[in-house]
Structures are given as structure tokens and as C-alpha cells.
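To start, the structure itself, in C-alpha cells.
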Amino acid sequence: MPKSSTYSFRRFLQSWIINTLAVLVAVYVLEGLRFKQDDIWTPFVVALLLGILNAFIRPIVMFLALPLLFVTLGLFMLVINAGMLYLVGLILGSHFEVHGFGAAFLGALIISVISTVLNVLTGTNRSSIRVKKTPRKPESRQDVIDI
């Protein structure tokens, strides 16, 4: 059954607000990230632009970096996320400032952790965790982990 456009817009809005909160926390915690102007809309624009870049540019970069992603077992995603945040800083140079790749790396890490936690808590994430207990047979003495 297709989901309604109202549900999709609500989910988009929730995700945008969560990412905005994550950006605000990252700017508050790190000295290397800051808003240049005292405009209330700047965090919302940063989160929106970061979401747009993550939706359109990041998949291309991930495809090009596929060998590095395999070799590093996915840890290179942290570098890609930092690059996306640094790119947002370059695009919004007059409003959002990123002081170096280290600040972008730590900022992207903070934004990823906070947005993941908030998405899980609010139920806006796409994945779900389900724990299912199956009865054991009396003759079975072996524990099995099913993944």
C-alpha cells in the first residue's frame, strides 16, 4: 500500500528537524564549526543542504570510493561524511564556517551519532530492531546465533 504524501512530508520534516538539532549540537560542542551570522534560519539551511548533498552527491562519491570502502570495512564513510560537511561549509561560506578537515571529521561524527540516536528514539529511521525468542528443543544443547 503506497504511503500518503502527508506521511512522507511529515517524515521529511522530522528528519530535517533532527538533523538541524544535530548540527546545532555539533556547532555548540566543536570550536571548528560555527555560524558566522546570528540568523535563526542558518542551522536549518545547513541541515537542508547537508541532506541534499547526502542524497545526490554522496552516492556518487561512495561508488567511486567503493574499493576504499571495502578495504577499510566501511570506515571510509566517516571521511566521506566529513567531506560532505566540509563542502557545505564551502558552499555556505558567508554563513557557516568549517575550520579544517579535522573539524569537519569530528562534526560529521557528532552529527551522525546524534541524528542516528534521535531517529531511533523518534521512530523515523528506516531500520528496525526485532528480538524474537524461539523455543529450544530439549535435545538441542547447542546455542545458535541466527543473523
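The chains in the C-alpha cells are called A, B, ... from first to last as shown; in each chain the residues are counted from 1, and the ligands are counted from 1 in the order shown.
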Can you tell me, as a PyMOL selection string, what residues are no more than 9 Å from segment 18-35 of chain A when counting only C-alpha atoms, ignoring any on the same chain fewer than 2 positions away?
chain A and resi 13-16+37-39+42-48+50-51+89+94-100+102-104+106-115+118-119
Just list the residues in chain A DSSP gives alpha helix (DSSP H) on the backbone, as a PyMOL selection string.
chain A and resi 5-29+42-56+58-64+66-71+76-91+100-122
Apply DSSP to the structure's backbone, then extract all residues of chain A labelled strand (DSSP E or B) and return them as a list of chain:residue names.
A:Leu33, A:Arg34, A:Phe35, A:Phe96, A:Glu97, A:Val98
Could you check which of A:Ile57, A:Lys132, A:Lys36, A:Thr122 is closest to Gly93 of chain A, using only C-alpha atoms?
A:Lys36
Just want the 10 Å neighbourhood of Phe76 of chain A, counted on only C-alpha atoms, with same-chain residues fewer than 5 positions away dropped. Output as a ChimeraX atom specification.
/A:62,65-71,81-82
Write to file, as a CSV table (one decimal), in the first residue's frame, the residues of the selection just made, with N, CA and C atoms.
chain,number,residue,atom,x,y,z
A,62,MET,N,30.5,7.6,-3.0
A,62,MET,CA,30.6,6.2,-2.4
A,62,MET,C,30.9,5.2,-3.5
A,65,ALA,N,34.5,5.5,-4.4
A,65,ALA,CA,35.4,5.1,-3.3
A,65,ALA,C,35.1,3.7,-2.9
A,66,LEU,N,34.4,2.9,-3.7
A,66,LEU,CA,34.0,1.6,-3.3
A,66,LEU,C,35.2,0.7,-2.9
A,67,PRO,N,36.3,0.7,-3.6
A,67,PRO,CA,37.4,-0.1,-3.2
A,67,PRO,C,37.9,0.3,-1.8
A,68,LEU,N,38.0,1.6,-1.5
A,68,LEU,CA,38.4,2.1,-0.2
A,68,LEU,C,37.4,1.7,0.9
A,69,LEU,N,36.1,1.7,0.5
A,69,LEU,CA,35.1,1.3,1.5
A,69,LEU,C,35.3,-0.2,1.8
A,70,PHE,N,35.6,-1.0,0.8
A,70,PHE,CA,35.8,-2.5,1.1
A,70,PHE,C,37.0,-2.7,1.9
A,71,VAL,N,38.1,-2.0,1.6
A,71,VAL,CA,39.4,-2.2,2.3
A,71,VAL,C,39.3,-1.8,3.7
A,81,ASN,N,31.6,11.4,4.9
A,81,ASN,CA,30.7,12.3,5.6
A,81,ASN,C,31.3,13.6,6.0
A,82,ALA,N,32.6,13.6,6.4
A,82,ALA,CA,33.4,14.8,6.7
A,82,ALA,C,33.5,15.6,5.4
